[in-house]
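Okay, so here's the structure we're looking at.
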Amino acid sequence: MSKEKLPFVVTAGQMRSAEEAAVVRGTTWAALMEQAGAGVADAVLRYAAPLANRQVLVLVGPGNNGGDALVAARHLADAGALVTLYVWRRSGVDANLQACRERAIPELSAATDGDGSLLAQALRKAVLVLDGLLGTGARPPTADLATIIQAVNAERTQRSDLRVVAIDLPSGVGADDGQVPTVAIRADLTVATGLIKRGLLLWPGRGYAGEIVVAPIGLSSLDGVLTMSELLTASQARTLLPPRPADAHKGVFGKVLVVAGSINYPGAAVLACAGAQRSGAGLVTLATGRTVLSLATLPPEVTLLPVAEGDWGAIGPAAVDDLAEHLPGYQALLLGPGLGQAEATRKLVLRLFGLDHTRSRARVGFVAVGEPLTNQPQQTVALPPTVIDADGLNILATAADWFERLPPEHCVLTPHPGEMRRLLGVSELPADRVATAAEAAQRWRQTVVLKGATTVIAAPDGRTLMYDGANPALATAGSGDVLAGVIAGLIAQGCLPFAAAALGVYLHGAAGARARMAFGDAGVVAGDLLPLLPSVMQELRTG
């Protein structure tokens, strides 16, 4: 397979636009199908070699996906595989089917296999099944097709030696949202033709796809195609790393102010501070109540800013005055990890962003400072770029039109799905998480990190990145606090919000992958990520 790699992620409509653009530039639909099928065959041969004199069952459906399967079947037969076609609802004889018949490739028809015995026999003989039943524009499988899919899945479950490869996406998986309304092929490998379809990276579809590779089909020029998502990769992350000059001092790498912690969650503040430190920030300060400071076991390098408390150790609205004095000296602000939602803390957050509707006092960004001033001009102290996480988000969600009061393109919001529902004011998120994050980022005019098994990073200008980093080891308390700290630390070092969010997600995910390798799927704690972050960054710099 060609080394060409296009880390773009598209909807079915965007894929069609890309193909149409290629045809306008001079290629043909037949040529695109030939390249797709040949690329699929190449990927299969690399994945499952040797296939010479071994049985391969190719499931052929209607439309272009079935056409790709027929081209792949021809190339596999030419490579020595013993190919059998199982054809479902493909009417007529097209050039690709004729080419298979000229090679005397055995052909079975689902239309004459009412009891499924022919399929069962072919499955028992096969060492590899190639799924070309449904393409990107297909409806969910029903009736006879569902029976075929269930038979393939059952055989795969029973036999450890059987491999299933899907063309473009497993039949039954939604191309745009990854949904599986009825049944879907469970593949060991999916060969995306040309570009990765969004549904391959969104769950539950991601769980059906197995390993994902791309078979190029000549779409190297994508001018004029709609704005697409990109897959966040190591090569992209490398370009986002802030410089580390040899003659630097701590002031070069910025200062982070972390407003976090409550009597119930002092550890969240600790993890957020440590995340900012481990990402390379020059200095990290924790601003929290004295009660929390007495409970938290902080790294000795973290400096402290005790602020005014409300009841039960919660940070109170008077803390704004404490913050105002120090904020000008910081390059990044992180608000939210472990804050809690006490009424005093809610007032603090609303006041910090000007959501208390106070307009007659001096301001810190959008915050009113001190007592009302009489016959004095307003004084403005700007908030540094701000990461809002956890309870910071939950409190924002209680204020109507909260996003209208945030400085545009100034914040990174890091919600998990529950927090995203509250911010949007909906009971359930749409299945298409990419569209959801993109629309929110544009409406709110902020960078949004919608966390999940596949994390989406969305910019206010419509750009989106997808990080394919599903990892059960990261499903643990405090993991998000570390991520928020990493992003804030990168902002302090000079990264713009979207770049910091993208790089932070990659570093956090890569550290999580290393922790999983060391400790397994269960038992990893958020603190295990911290010593791994510097080594991940160093590997990027030297890789």
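Note on naming: chains are A, B, ... as they come in the structure tokens, residues start from 1 per chain, ligands start from 1 in the order shown.
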(request) Could you give me the residues within region 213-456 of chain A that DSSP places in strand (DSSP E or B), as a PyMOL selection string? (result) chain A and resi 213-215+229-231+255-259+283-288+303-306+309+315+332-335+362-364+367-369+380-381+386-388+411-413+447-450+454-456
(request) Extract, using only C-alpha atoms, all DNA, RNA and protein residues at most 7 Å from Ala332 (chain A), discarding same-chain residues fewer than 5 positions from it, and format them as an NGL selection string. (result) :A and (255-257 or 384-386 or 488 or 491-492)
Give me a file of those residues, with C-alpha atoms, as a short mmCIF file (atom, residue, chain, number, x, y, z; two decimals), in the first residue's frame.
```
data_model
loop_
_atom_site.label_atom_id
_atom_site.label_comp_id
_atom_site.auth_asym_id
_atom_site.auth_seq_id
_atom_site.Cartn_x
_atom_site.Cartn_y
_atom_site.Cartn_z
CA LYS A 255 3.10 30.99 35.10
CA VAL A 256 -0.21 29.19 35.68
CA LEU A 257 -2.74 30.20 38.32
CA PRO A 384 -5.20 35.59 30.96
CA PRO A 385 -6.25 32.80 28.56
CA THR A 386 -8.41 30.51 30.68
CA ALA A 488 -3.14 25.35 31.03
CA ILE A 491 -0.95 27.94 27.22
CA ALA A 492 1.44 29.46 29.76
#
```
(message) Counting only C-alpha atoms, which residue out of A:Asp78, A:Asp68, A:Glu419, A:Asp176 sits closest to Ser229 (chain A)?
(response)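 Smallest distance to Ser229 (chain A) is found for A:Asp176.
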(request) Fewer than 6 positions away in the same chain doesn't count, so skip those; otherwise give me all residues within 10 Å of Glu20 (chain A), counting only C-alpha atoms, as a list of chain:residue names. (result) A:Gln14, A:Thr27, A:Thr28, A:Trp29, A:Val225
Keeping N, CA and C atoms for every residue in the selection just given, could you write it to a file as a PDB file, in the first residue's frame?
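For reference, part_6.pdb as written:
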```
ATOM      1  N   GLN A  14     -19.120  14.660   2.577  1.00  0.00           N
ATOM      2  CA  GLN A  14     -17.808  15.231   2.274  1.00  0.00           C
ATOM      3  C   GLN A  14     -16.980  14.280   1.412  1.00  0.00           C
ATOM      4  N   THR A  27      -9.885  12.484 -13.324  1.00  0.00           N
ATOM      5  CA  THR A  27      -9.968  11.042 -13.142  1.00  0.00           C
ATOM      6  C   THR A  27     -11.378  10.568 -13.480  1.00  0.00           C
ATOM      7  N   THR A  28     -11.648   9.295 -13.338  1.00  0.00           N
ATOM      8  CA  THR A  28     -12.970   8.736 -13.599  1.00  0.00           C
ATOM      9  C   THR A  28     -13.436   7.954 -12.383  1.00  0.00           C
ATOM     10  N   TRP A  29     -14.749   7.710 -12.317  1.00  0.00           N
ATOM     11  CA  TRP A  29     -15.281   6.913 -11.224  1.00  0.00           C
ATOM     12  C   TRP A  29     -14.700   5.499 -11.257  1.00  0.00           C
ATOM     13  N   VAL A 225     -13.099  21.208  -1.192  1.00  0.00           N
ATOM     14  CA  VAL A 225     -13.928  20.295  -0.433  1.00  0.00           C
ATOM     15  C   VAL A 225     -14.310  20.967   0.885  1.00  0.00           C
TER      16      VAL A 225
END
```
(message) Let me make sure I understand: among A:Gly80, A:Pro328, A:Gly543, A:Gly338, which one has the smallest atom-to-atom distance to Leu51 (chain A) if we use only C-alpha atoms?
(response)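 The closest residue to Leu51 (chain A) is A:Gly80.
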(message) Just to confirm, what's the straight-line distance from CA of Ala143 (chain A) to CA of Ala12 (chain A) in Å (one decimal)?
(response) 24.2 Å
Close residues, Ala458 (chain A) itself excluded, 9 Å, only C-alpha atoms, min 3 positions apart in chain, as a compact mmCIF listing (two decimals) with C-alpha atoms, in the first residue's frame:
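Written out: part.txt:
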```txt
# COMPACT_ATOMS: atom_id res chain seq x y z
CA VAL A 434 -18.04 16.07 16.11
CA ALA A 437 -18.56 20.12 19.49
CA ALA A 438 -18.02 22.10 16.28
CA GLU A 439 -21.34 23.90 16.52
CA ALA A 440 -20.80 24.68 20.21
CA ALA A 441 -17.30 26.04 19.63
CA GLN A 442 -18.53 28.33 16.88
CA GLN A 446 -14.22 29.29 22.33
CA THR A 447 -12.13 26.13 21.95
CA VAL A 448 -14.07 23.07 23.09
CA VAL A 449 -12.58 19.73 24.15
CA LEU A 450 -15.45 17.22 24.22
CA ASP A 461 -13.37 28.91 13.26
CA GLY A 462 -14.86 25.48 12.52
CA ARG A 463 -11.73 23.34 12.62
CA THR A 464 -12.07 20.00 14.40
CA LEU A 465 -9.60 17.33 15.44
CA MET A 466 -10.44 13.80 16.56
CA PHE A 498 -6.66 25.45 20.17
```
(request) Would you mind listing what lies within 9 Å of Asn394 (chain A) as a PyMOL selection string, with only C-alpha atoms counted and same-chain residues fewer than 2 positions away left out? (result) chain A and resi 336+341+389-392+396-398+419-420+422-423
Just to be explicit: take each residue in the selection above, keep C-alpha atoms, and write the result as an mmCIF file, in the first residue's frame.
```
data_model
loop_
_atom_site.group_PDB
_atom_site.id
_atom_site.type_symbol
_atom_site.label_atom_id
_atom_site.label_comp_id
_atom_site.auth_asym_id
_atom_site.auth_seq_id
_atom_site.Cartn_x
_atom_site.Cartn_y
_atom_site.Cartn_z
ATOM 1 C CA GLY A 336 -12.744 24.399 38.067
ATOM 2 C CA GLN A 341 -20.852 23.786 43.619
ATOM 3 C CA ASP A 389 -13.068 22.507 33.641
ATOM 4 C CA ALA A 390 -15.332 20.402 35.836
ATOM 5 C CA ASP A 391 -17.343 22.463 38.331
ATOM 6 C CA GLY A 392 -16.318 25.651 36.566
ATOM 7 C CA LEU A 396 -21.366 28.370 34.072
ATOM 8 C CA ALA A 397 -24.220 26.196 32.839
ATOM 9 C CA THR A 398 -26.506 27.653 35.517
ATOM 10 C CA GLU A 419 -21.072 18.588 31.439
ATOM 11 C CA MET A 420 -21.660 19.181 27.742
ATOM 12 C CA ARG A 422 -25.628 20.859 30.959
ATOM 13 C CA LEU A 423 -23.837 23.566 28.973
#
```
(message) Just want the 6 Å neighbourhood of Thr193 (chain A), counted on only C-alpha atoms, with same-chain residues fewer than 2 positions away dropped. Output as a PyMOL selection string.
(response) chain A and resi 36+168+195+214-215
With N, CA and C atoms retained, write the just-selected residues as a compact mmCIF listing (two decimals), in the first residue's frame.
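File produced: result00.txt:
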```txt
# COMPACT_ATOMS: atom_id res chain seq x y z
N ALA A 36 -9.27 2.08 -5.24
CA ALA A 36 -9.79 1.67 -3.93
C ALA A 36 -9.68 0.17 -3.75
N ASP A 168 -14.01 0.24 3.86
CA ASP A 168 -14.49 1.59 4.16
C ASP A 168 -15.05 1.71 5.57
N LEU A 195 -10.31 8.37 2.48
CA LEU A 195 -10.36 9.17 3.70
C LEU A 195 -11.09 8.40 4.78
N VAL A 214 -5.66 3.33 5.92
CA VAL A 214 -6.20 4.09 4.79
C VAL A 214 -5.61 3.56 3.49
N ALA A 215 -6.47 3.33 2.51
CA ALA A 215 -6.03 2.98 1.15
C ALA A 215 -6.19 4.22 0.28
```
(message) When you look at Val83 (chain A) with a cut-off of 7 Å (counting only C-alpha atoms), what residues show up, excluding the ones that are within fewer than 2 positions of it in the same chain? I need them as a VMD selection string.
(response) chain A and resid 55 to 57 73 77 81 85 105
(request) Rank nothing, just name the residue among A:Leu202, A:Ala500, A:Leu532, A:Val127 nearest to Leu240 (chain A), using only C-alpha atoms. (result) A:Ala500
Which residues of region 111-200 of chain A come within 12 Å of region 452-457 of chain A, and for each one, what is the closest pair of atoms and their distance in Å to one decimal, counting only C-alpha atoms, sorted by chain and residue number, as JSON lines?
```
{"residue": "A:Asp177", "atom": "CA", "partner": "A:Thr454", "partner_atom": "CA", "distance": 11.9}
{"residue": "A:Gly178", "atom": "CA", "partner": "A:Thr454", "partner_atom": "CA", "distance": 11.2}
{"residue": "A:Arg198", "atom": "CA", "partner": "A:Thr454", "partner_atom": "CA", "distance": 10.8}
{"residue": "A:Gly199", "atom": "CA", "partner": "A:Thr454", "partner_atom": "CA", "distance": 10.8}
{"residue": "A:Leu200", "atom": "CA", "partner": "A:Thr454", "partner_atom": "CA", "distance": 10.2}
```
(request) Point out the residue among A:Leu134, A:Ile167, A:Leu219, A:Glu230 with the least atom-to-atom distance to Thr11 (chain A), counting only C-alpha atoms. (result)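 Smallest separation from Thr11 (chain A) among the options: A:Glu230.
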(request) For CA of Thr190 (chain A) and CA of Gly172 (chain A), quote the distance in Å rounded to one decimal. (result) 13.1 Å
(request) Can you check which residues of region 23-154 of chain A DSSP gives as alpha helix (DSSP H) on the backbone and send them as a VMD selection string? (result) chain A and resid 23 to 24 29 to 48 63 to 78 95 to 102 117 to 125 143 to 154
